[in-house]
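Here is the file entry16.cif (mmCIF, C-alpha atoms and all ligand atoms).
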data_structure
loop_
_atom_site.label_atom_id
_atom_site.label_comp_id
_atom_site.auth_asym_id
_atom_site.auth_seq_id
_atom_site.Cartn_x
_atom_site.Cartn_y
_atom_site.Cartn_z
CA MET A 94 -4.66 -15.83 -13.59
CA LEU A 95 -1.62 -14.18 -12.02
CA PRO A 96 0.05 -16.18 -9.26
CA VAL A 97 -0.35 -14.99 -5.67
CA ARG A 98 2.70 -12.84 -5.01
CA ILE A 99 4.79 -13.08 -1.88
CA LEU A 100 7.54 -10.68 -0.88
CA ILE A 101 10.29 -12.03 1.39
CA ILE A 102 12.19 -9.43 3.41
CA GLU A 103 15.03 -11.36 5.04
CA ASP A 104 18.74 -10.56 5.28
CA GLU A 105 19.86 -14.15 5.82
CA LYS A 106 20.41 -15.16 2.22
CA GLN A 107 20.20 -18.91 2.88
CA ILE A 108 16.80 -18.63 4.56
CA ALA A 109 15.55 -16.27 1.86
CA ARG A 110 16.70 -18.65 -0.86
CA PHE A 111 15.15 -21.65 0.88
CA LEU A 112 11.83 -19.83 1.23
CA GLU A 113 11.94 -18.71 -2.37
CA LEU A 114 12.40 -22.29 -3.63
CA GLU A 115 9.66 -23.68 -1.41
CA LEU A 116 7.18 -20.94 -2.25
CA LYS A 117 7.86 -21.11 -5.98
CA HIS A 118 7.37 -24.86 -5.77
CA GLU A 119 3.92 -24.13 -4.32
CA GLY A 120 3.16 -21.92 -7.32
CA TYR A 121 3.58 -18.53 -5.65
CA GLY A 122 5.29 -15.60 -7.33
CA VAL A 123 8.26 -14.56 -5.17
CA GLU A 124 10.45 -11.49 -4.74
CA ILE A 125 13.24 -11.06 -2.19
CA GLU A 126 14.63 -7.97 -0.50
CA TYR A 127 17.55 -8.19 1.94
CA ASP A 128 16.97 -5.03 3.98
CA GLY A 129 14.14 -2.95 5.38
CA ARG A 130 14.40 0.05 3.12
CA GLY A 131 14.43 -2.06 -0.04
CA GLY A 132 11.58 -4.12 1.37
CA LEU A 133 9.40 -1.07 1.93
CA ARG A 134 10.02 0.18 -1.58
CA LYS A 135 9.20 -3.25 -2.95
CA VAL A 136 5.87 -3.40 -1.07
CA GLU A 137 4.87 -0.26 -2.93
CA GLU A 138 6.19 -1.24 -6.34
CA TYR A 139 5.44 -4.97 -6.40
CA GLU A 140 2.15 -4.77 -4.43
CA PRO A 141 2.56 -8.29 -3.02
CA ASP A 142 -0.41 -10.31 -1.74
CA LEU A 143 1.54 -11.24 1.37
CA VAL A 144 4.82 -10.23 3.07
CA LEU A 145 7.18 -12.48 5.04
CA LEU A 146 9.11 -10.10 7.23
CA ASP A 147 12.19 -10.87 9.31
CA ILE A 148 12.56 -8.78 12.49
CA MET A 149 16.32 -8.39 12.71
CA LEU A 150 17.21 -6.54 9.52
CA PRO A 151 20.04 -4.14 8.71
CA GLY A 152 18.97 -0.50 8.50
CA ILE A 153 15.28 -0.28 9.34
CA ASN A 154 14.26 -3.29 11.47
CA GLY A 155 11.22 -5.47 10.78
CA MET A 156 9.04 -3.77 13.41
CA GLU A 157 9.55 -0.38 11.85
CA VAL A 158 9.07 -1.81 8.36
CA CYS A 159 5.74 -3.31 9.46
CA ARG A 160 4.62 -0.04 11.05
CA ARG A 161 5.40 1.84 7.86
CA ILE A 162 3.72 -0.76 5.64
CA ARG A 163 0.56 -0.31 7.68
CA GLN A 164 0.52 3.40 6.89
CA PHE A 165 -0.29 2.67 3.28
CA SER A 166 -1.20 -0.99 2.87
CA LYS A 167 -3.36 -3.74 4.40
CA VAL A 168 -1.25 -6.52 2.85
CA PRO A 169 -1.02 -9.52 5.25
CA VAL A 170 2.33 -9.57 7.06
CA ILE A 171 3.81 -12.66 8.71
CA MET A 172 6.80 -11.87 10.93
CA LEU A 173 9.75 -14.25 11.10
CA THR A 174 11.11 -14.14 14.64
CA ALA A 175 14.01 -15.79 16.44
CA ARG A 176 13.20 -18.19 19.25
CA ASP A 177 13.53 -15.79 22.20
CA GLU A 178 11.95 -12.67 20.74
CA THR A 179 8.64 -13.13 22.60
CA THR A 180 8.18 -9.44 23.31
CA ASP A 181 8.84 -8.74 19.64
CA LYS A 182 6.02 -11.10 18.69
CA VAL A 183 3.54 -9.24 20.86
CA MET A 184 4.77 -5.91 19.58
CA GLY A 185 4.62 -7.16 16.02
CA LEU A 186 0.96 -8.03 16.36
CA ASP A 187 0.32 -4.69 18.07
CA ILE A 188 1.73 -2.76 15.13
CA GLY A 189 -0.32 -4.63 12.61
CA ALA A 190 1.41 -7.90 11.70
CA ASP A 191 -1.13 -10.65 10.99
CA ASP A 192 0.85 -13.57 12.34
CA TYR A 193 4.36 -14.64 13.27
CA ILE A 194 6.39 -17.80 13.06
CA THR A 195 9.46 -18.69 15.09
CA LYS A 196 12.70 -19.63 13.39
CA PRO A 197 13.67 -22.38 12.84
CA PHE A 198 10.28 -23.39 11.48
CA VAL A 199 8.84 -26.36 9.65
CA ILE A 200 8.00 -25.29 6.10
CA GLU A 201 4.57 -27.00 6.20
CA GLU A 202 3.59 -24.86 9.16
CA LEU A 203 4.66 -21.68 7.41
CA LEU A 204 2.75 -22.69 4.26
CA ALA A 205 -0.37 -23.32 6.35
CA ARG A 206 -0.07 -19.91 7.99
CA ILE A 207 0.41 -18.27 4.61
CA ARG A 208 -2.76 -19.91 3.28
CA ALA A 209 -4.67 -18.87 6.42
CA ALA A 210 -3.49 -15.25 6.17
CA LEU A 211 -4.42 -15.08 2.47
CA ARG A 212 -7.87 -16.55 3.16
CA LYS A 213 -8.53 -14.14 6.00
CA ASN A 214 -7.57 -11.23 3.80
CA ILE A 215 -10.00 -12.23 1.06
CA GLN A 216 -12.86 -12.53 3.57
CA HIS A 217 -12.08 -9.10 4.96
CA GLU A 218 -12.17 -7.42 1.59
CA LYS A 219 -15.66 -6.01 1.65
CA PRO A 220 -17.17 -4.69 -1.54
CA GLN A 221 -16.30 -1.03 -1.48
CA LYS A 222 -18.68 1.78 -2.32
CA ASN A 223 -18.13 3.94 -5.36
CA LEU A 224 -16.72 7.40 -4.62
CA VAL A 225 -18.45 10.13 -6.60
CA ALA A 226 -18.00 13.86 -7.24
CA GLY A 227 -20.06 15.41 -10.04
CA ASP A 228 -19.56 13.18 -13.09
CA LEU A 229 -16.33 11.70 -11.66
CA ARG A 230 -16.75 8.17 -10.34
CA MET A 231 -14.19 5.89 -8.71
CA ASP A 232 -15.02 2.20 -8.41
CA PRO A 233 -12.52 0.77 -5.87
CA SER A 234 -13.56 -2.83 -6.53
CA LYS A 235 -12.48 -2.47 -10.17
CA HIS A 236 -9.78 0.12 -9.46
CA GLN A 237 -11.47 2.17 -12.16
CA VAL A 238 -11.94 5.91 -12.58
CA MET A 239 -14.51 7.38 -14.96
CA ARG A 240 -15.47 10.89 -15.87
CA GLY A 241 -18.83 10.71 -17.60
CA ASN A 242 -18.41 7.77 -19.96
CA GLU A 243 -14.67 8.12 -20.32
CA GLU A 244 -12.29 5.91 -18.42
CA ILE A 245 -9.27 7.73 -16.98
CA GLU A 246 -5.96 5.88 -16.67
CA LEU A 247 -4.07 6.77 -13.49
CA THR A 248 -0.81 5.59 -12.00
CA LYS A 249 -1.00 4.00 -8.55
CA LYS A 250 0.05 7.20 -6.76
CA GLU A 251 -2.37 9.34 -8.76
CA TYR A 252 -5.14 6.88 -7.96
CA ASP A 253 -4.31 6.89 -4.23
CA LEU A 254 -4.21 10.68 -4.21
CA LEU A 255 -7.57 10.96 -5.95
CA GLU A 256 -9.07 8.39 -3.59
CA TYR A 257 -7.92 10.39 -0.58
CA LEU A 258 -9.33 13.62 -2.03
CA LEU A 259 -12.65 11.92 -2.84
CA LYS A 260 -12.97 10.42 0.62
CA ASN A 261 -12.50 13.92 2.02
CA LYS A 262 -14.71 15.71 -0.46
CA ASP A 263 -15.48 19.34 0.50
CA ILE A 264 -12.76 19.31 3.17
CA VAL A 265 -9.64 21.44 2.84
CA LEU A 266 -6.55 19.26 3.11
CA THR A 267 -3.09 20.59 3.89
CA ARG A 268 -0.07 19.36 1.95
CA ASP A 269 1.21 17.68 5.11
CA GLN A 270 -2.07 15.80 5.58
CA ILE A 271 -1.98 14.64 1.99
CA LEU A 272 1.66 13.61 2.24
CA GLU A 273 1.05 11.66 5.43
CA ASN A 274 -2.06 9.87 4.20
CA VAL A 275 -1.11 9.16 0.60
CA TRP A 276 2.66 8.69 0.85
CA GLY A 277 2.54 7.31 4.38
CA TYR A 278 5.90 8.53 5.52
CA ASP A 279 7.50 11.80 4.66
CA TYR A 280 10.14 12.32 2.03
CA ALA A 281 12.42 14.44 4.25
CA GLY A 282 9.46 16.76 4.88
CA ASP A 283 9.28 17.84 1.26
CA THR A 284 5.67 18.60 0.32
CA ASN A 285 6.56 19.62 -3.26
CA VAL A 286 5.77 16.08 -4.32
CA VAL A 287 2.12 16.80 -3.46
CA ASP A 288 2.00 19.79 -5.83
CA VAL A 289 3.66 17.73 -8.54
CA TYR A 290 1.14 14.90 -8.25
CA ILE A 291 -1.82 17.29 -8.01
CA ARG A 292 -0.60 18.70 -11.33
CA TYR A 293 -0.42 15.21 -12.90
CA LEU A 294 -3.85 14.37 -11.56
CA ARG A 295 -5.41 17.61 -12.77
CA SER A 296 -4.04 17.12 -16.27
CA LYS A 297 -5.95 13.83 -16.46
CA VAL A 298 -9.02 14.41 -14.33
CA ASP A 299 -9.78 18.13 -14.72
CA THR A 300 -7.99 19.81 -17.62
CA PRO A 301 -9.89 18.02 -20.42
CA TYR A 302 -13.27 18.78 -18.79
CA ASN A 303 -15.38 21.86 -18.13
CA ALA A 304 -16.20 21.52 -14.46
CA LYS A 305 -13.03 21.56 -12.34
CA LEU A 306 -13.01 19.38 -9.24
CA ILE A 307 -9.58 19.85 -7.65
CA GLN A 308 -9.48 23.29 -6.05
CA THR A 309 -6.33 25.03 -4.80
CA VAL A 310 -6.83 26.63 -1.42
CA ARG A 311 -4.22 29.37 -1.43
CA GLY A 312 -1.68 29.12 1.37
CA VAL A 313 -3.23 25.93 2.73
CA GLY A 314 -3.52 23.05 0.31
CA TYR A 315 -6.19 21.41 -1.81
CA MET A 316 -9.80 20.40 -1.75
CA LEU A 317 -11.94 18.31 -4.03
CA ARG A 318 -15.25 20.02 -4.59
CA GLU A 319 -17.88 20.16 -7.29
CA GLU A 320 -18.16 23.65 -8.68
CA LYS A 321 -21.68 24.86 -8.06
CA ASN A 322 -23.39 27.61 -10.03
CA GLY A 323 -22.34 30.98 -8.70
CA ASP A 324 -18.97 29.78 -7.36
CA CA A 401 17.78 -11.30 10.18
#

Rewritten as structure tokens:
Amino acid sequence: MLPVRILIIEDEKQIARFLELELKHEGYGVEIEYDGRGGLRKVEEYEPDLVLLDIMLPGINGMEVCRRIRQFSKVPVIMLTARDETTDKVMGLDIGADDYITKPFVIEELLARIRAALRKNIQHEKPQKNLVAGDLRMDPSKHQVMRGNEEIELTKKEYDLLEYLLKNKDIVLTRDQILENVWGYDYAGDTNVVDVYIRYLRSKVDTPYNAKLIQTVRGVGYMLREEKNGD
């Protein structure tokens, strides 16, 4: 079994190093990022099981990092706050942090909070329903996509895009909507990335098959729809 993975986003190198040693000693997998932007990227790439997030970070601060994480991930976030940042704590919980701990902290307390946050997350993970369109089936619990009897291998972004389209079956989605919901925050307002990923997705999900599911809605965006006879 893979170890539970924890991402530390903390600019104070000594604290980050201390946490890394303690967490590795407990058997966790650990990655460190020293600023907000790197931390955000790492949440996407590393897909940690839990994030320890410092508030005062260079560049994007911890609050903003947490807000952005919540746009694309439900990963448990524990904020690391300085002693007198009470308002930050409240705000942190408001924007979707799961817990916070005040620095300086006792490592046993942090470990207990980490275990609690991980447990809570497992309980909250309800079995998810399959998403279906024609002979395309997505099983979120297995992270598996099938068309007929064939399994289709997708990258994480392709999978997220397909999931969003399936959840909004028969609804026309603009490029901006797709960008916001699948990418979470905009890449300098450039929606070309949506067209690029739709192309990738089509080549795997539609091109090899007769019935096409991903429809282009000219001048607007895209829609996932089963082609009916007479369309
Ligand atoms: Ca800091």

request  = Work out how far atom CA of Gly227 of chain A is from atom CA of Glu273 of chain A, in Å to one decimal.
outcome  = 26.4 Å

ask   = What does the distance between atom CA of Thr309 of chain A and atom CA of His236 of chain A come to in Å, to one decimal place?
value =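 Atom-to-atom, atom CA of Thr309 of chain A to atom CA of His236 of chain A, that is 25.6 Å.
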
message = Neighbouring residues of segment 240-247 of chain A were defined as those with any atom within 7 Å, considering all atoms listed in the file; residues of the same chain fewer than 4 positions away were excluded. Please report them as a PyMOL selection string.
response = chain A and resi 228-230+251-252+297

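Among the candidates A:Ile194, A:Leu133, A:Ile125, A:Ala205, the residue lying nearest to Phe165 of chain A is A:Leu133 (atoms considered: only C-alpha atoms).
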
ask   = Which residues form the shell of 7 Å around ligand CA 401 (chain A) when you count all atoms listed in the file, given as an MDAnalysis selection string?
value = chainID A and resid 103:105 147:150

request  = Using atom CA of Arg318 of chain A and atom CA of Ala304 of chain A as the two end points, give the distance in Å to one decimal.
outcome  =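 One can read the atom CA of Arg318 of chain A to atom CA of Ala304 of chain A distance as 10.0 Å.
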
Residue among A:Pro197, A:Pro96, A:Gly129, A:Pro169 lying closest to Pro151 of chain A, counting all atoms listed in the file = A:Gly129

key: Selection near Ile271 of chain A, 8 Å with only C-alpha atoms, sequence-local residues under 6 positions removed, as a PyMOL selection string   = chain A and resi 254+257+287

message = Show me, as a PyMOL selection string, the residues that have an atom within 12 Å of Met316 of chain A when counting all atoms listed in the file, minus same-chain residues fewer than 6 positions from it.
response = chain A and resi 226+254-255+257-268+270-271+291+305-310

query = Nearest to Asn274 of chain A among A:Gln107, A:Ser234, A:Asn154, A:Gln164, with distances taken over all atoms listed in the file: which residue is it?
reply = A:Gln164

ask   = Using all atoms listed in the file, which of A:Ile188, A:Ala210, A:Ala175, A:Val289 sits nearest Ile99 of chain A?
value = A:Ala210

Can you sort out the box for segment 300-303 of chain A, edges along x, y and z, all listed atoms in, 4 Å on every side, with centre and edge lengths in Å to one decimal, as lines of an AutoDock Vina configuration file?
center_x = -11.7
center_y = 19.9
center_z = -19.0
size_x = 15.4
size_y = 11.8
size_z = 10.8

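Residues lying within 12 Å of Arg161 of chain A, counting all atoms listed in the file and ignoring same-chain neighbours fewer than 5 positions away, are A:Gly129, A:Arg130, A:Gly132, A:Leu133, A:Arg134, A:Val136, A:Glu137, A:Ile153, A:Asn154, A:Gly155, A:Met156, A:Ser166, A:Lys167, A:Val168, A:Val170, A:Ile188, A:Gly189, A:Ala190, A:Glu273, A:Asn274, A:Trp276, A:Gly277, A:Tyr278, A:Asp279.
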
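Between Glu140 of chain A and the candidates A:Lys235, A:His118, A:Lys249, A:Lys213, the tightest atom-to-atom separation, counting only C-alpha atoms, involves A:Lys249.
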
request  = For a cut-off of 7 Å around (2.4, -19.2, -1.7), file coordinates, pick out all residues using all atoms listed in the file and list them as a list in words.
outcome  = Val97, Ile99, Leu116, Glu119, Gly120, Tyr121, Leu204 and Ile207 of chain A
